[in-house]
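To start, the structure itself, in structure tokens.
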Amino acid sequence: MEKLKKIFNFQIIEFITWANQFLDELKRLPILKKVIPDSVYGLTTLKYIVGIFAVIGRLLWNFAKKAIYFLIFMVVPAFIIMETRGIEWDAALYKRLIYHMFLFMNVILGGILNEIVFVQDDKDYIMVKLMRTNASYYYRYKMFATWVPNIIAMFVAALVCQMGILGAFIITLLYAFSRTVGQSFVLRLDKLKGMDNIKVGLNVFLVIGGVVLAYVLPAIRHELVLDGILKNPLVLVIIAFLACLALIDISDNYDYSYIAQKTIKPIGNEEDDEIKLPVVKVEEKQFTKEELTVDKYANYKGYDYLNRKFFERHKGLFRHPMIIKLVAIALVTIIPSIIFMYWALTGDLTDKMTNGAHNVLSNVIPSALVFIMYMMTNGASNNMSFFYNCDICMLKYGFYREPGTIVKNFVLRLKKTIWYNIIPAGALCLGIVIFALASGNIFKVYMYIPFMICALVLSVFYSVFYLFLYYMCQPFVEQGKVTGVLYNLLNSVIYIIAYMNFSIMMDIKCSMPVMYTYTGVVIAITVVFSVLAVLLVRKFAPKTFRLK
């Protein structure tokens, strides 16, 4: 009974915290600022109601994320592999591919990388440090509260993606096994001396190895035949037994008080800020002597000079994500191209395979293009870089919040942001041409031109959207956190829209007229939204773009 009471108290704290953040965000909106009184913060019942809806929303969002994950990383690659093999549909092959990819991407890779205990948030500090909750009990609760909704969501996602009841059960059991065994493995690694120094290298090795084994082996027809093994009741019992052993190990064999002492830092602590901002934090020692002494932009003035210096000094924060995307696009292009060239040299390349590759290029990729470009656009980290390396100081001055100044900075930053986002989009287009050449579809490249143009335009749209969101919501606080509920909500909305577009387009044959029309609509939306963004930023940003 006492444990249930503690769990209930945990949920109440979450309800009230989320409700306070949500009400605070609503009160910042110009329309509702004068409508919502300060006394609303004292309405505890209202906070409970808001919190309950928040929990329900999070559960539904969790289901959606798992379905999207399953669709993007399992179902779509399975269909692409079947298409390139010249197979329209094979239920047995489909399940075999899903099990193979799930093993490497989720059981091995996800099980080790998705650790919970060492990931800190404000609730850890509140519950363990302020409320003196037993660390061992709290961390067990945290793992339970994270895993159970995810396990349920994974079962539903597998059902939706046509794995059947038995297949969904196997997927769910593997997921539970991977999370418990993976967390136990990570905790045991933490006990070894020097593990902190090699953890990054281990993670990189796991990511590269997991992705290659998950997708390259099936592409060259060497996927593991796991469906027969996994349907064996004895194997399922062994997997469940090992998961239970790992759960017992997690519950009884670790000093969570020591882990809490090592990982949990006070909210607002300067040392904690350093931990939370590794992506955007820039130290003076990172600059060369020439960069600190030679002024290449001495002829520029005002905010043009400021922004040029900003991008020069912090170019690594913008170039590194771009380079990572370019490398990823190169790998995704080169590996399948080599496979097709190998088939061509050995005489194994058939017309069905060539047509299957064409179907991928003319239907699958265009259908997923809005979602692909959403994932490729570097927006959130750019905004964080702007804030913590420039605006956090400049917003203290009134002249920096004047409408003309805000619009000028918005336009100058937008130009550079578009540049960094449009290069990967151009690389994607080049990758499409290279793959078309390797797969024997080079004379059909003209059919891919509309959605290649669409990719470039979408990179512009998302650049505008993210920067617009930053100026209209300004979600960051000095302690290194994102507190803007509206900012997160709008990010989620665009994520859902991108996914819905994917689902709708998958049901439509992407013919040339359809793609030209679709590209025209995307161009029109981008132009209109860009103009509206500048106008809205000029009108509302002087009130919303400020320090919190």
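In the structure tokens, chains take the letters A, B, ... in the order shown, each chain's residues start at 1, and ligands count up from 1 in the order shown.
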Using only C-alpha atoms, find each residue in segment 71-142 of chain A having at least one atom no more than 8 Å away from segment 341-363 of chain A; report its shortest atom-to-atom pair and that distance in Å (one decimal), rows by chain then rising number, as a tab-separated table.
residue	atom	partner	partner_atom	distance
A:Ile80	CA	A:Val360	CA	6.3
A:Met82	CA	A:Gly356	CA	8.0
A:Glu83	CA	A:Gly356	CA	4.4
A:Thr84	CA	A:Gly356	CA	4.5
A:Arg85	CA	A:Met353	CA	5.1
A:Gly86	CA	A:Lys352	CA	4.4
A:Ile87	CA	A:Lys352	CA	7.9
Exercise. Show which residues sit within 9 Å of segment 325-331 of chain A, as a list of chain:residue names. Count only C-alpha atoms, and ignore same-chain residues fewer than 3 positions away.
Key: A:His320, A:Pro321, A:Met322, A:Ile334, A:Ile335, A:Pro336, A:Met376, A:Ile423, A:Pro424, A:Ala427, A:Leu428, A:Gly431
Self-check item: Proximity to Val181 of chain A - best of A:Ile250, A:Ala157, A:Cys390, A:Leu437, only C-alpha atoms
Solution: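 Of all the options, A:Ile250 lies closest to Val181 of chain A.
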Practice problem: Can you work out which one of A:Phe476, A:Tyr69, A:Phe435, A:Phe310 has the shortest atom-to-atom distance to Ser337 of chain A, counting only C-alpha atoms? | Solution: A:Phe435
Quiz item: For Leu467 of chain A, which of A:Ala176, A:Ile392, A:Met384, A:Leu187 is the closest residue, counting only C-alpha atoms?
Solution: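 Residue with the minimum atom-to-atom distance to Leu467 of chain A: A:Met384.
For the pair atom CA of Lys66 of chain A and atom CA of Trp147 of chain A, the interatomic distance is 12.5 Å.
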Practice problem: Choose the residue, out of A:Ser184, A:Ile116, A:Ile238, A:Val76, that has the smallest atom-to-atom separation from Ala145 of chain A; count only C-alpha atoms. | Solution: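 Result for the nearest residue to Ala145 of chain A: A:Ile116.
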Quiz item: Quick one: of A:Pro403, A:Pro542, A:Gly182, A:Pro149, who's nearest to Ile56 of chain A, counting only C-alpha atoms?
Solution: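 Closest residue, counting only C-alpha atoms: A:Pro149.
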Quiz item: Of the candidates A:Asn389, A:Ser178, A:Leu206, A:Ile72, which one gets nearest to Leu242 of chain A if we count only C-alpha atoms?
Solution: A:Ser178
Quiz item: Which residues come within 10 Å of Glu402 of chain A, counting only C-alpha atoms, excluding same-chain residues fewer than 6 positions away, as a PyMOL selection string?
Solution: chain A and resi 538+541-543
Preceding selection exported with N, CA, C and O atoms as a compact mmCIF listing (two decimals), in the first residue's frame:
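Produced file result-v2.txt, reproduced below:
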# COMPACT_ATOMS: atom_id res chain seq x y z
N ARG A 538 7.87 40.16 -37.08
CA ARG A 538 7.95 41.62 -36.89
C ARG A 538 6.89 42.11 -35.91
O ARG A 538 7.15 42.98 -35.07
N ALA A 541 7.20 39.07 -32.29
CA ALA A 541 8.47 38.70 -31.65
C ALA A 541 8.98 39.71 -30.64
O ALA A 541 9.62 39.31 -29.65
N PRO A 542 8.75 41.05 -30.81
CA PRO A 542 9.20 41.97 -29.76
C PRO A 542 8.64 41.64 -28.37
O PRO A 542 9.25 42.01 -27.36
N LYS A 543 7.51 40.94 -28.32
CA LYS A 543 6.93 40.56 -27.02
C LYS A 543 7.30 39.13 -26.62
O LYS A 543 7.43 38.83 -25.43
Practice problem: Write down as a ChimeraX atom specification the residues belonging to segment 452-544 of chain A that are assigned alpha helix (DSSP H) by DSSP computed on the backbone. | Solution: /A:452-473,485-506,512-544
Quiz item: Separation of atom CA of Ile165 of chain A and atom CA of Gly228 of chain A, in Å?
Solution: 15.4 Å
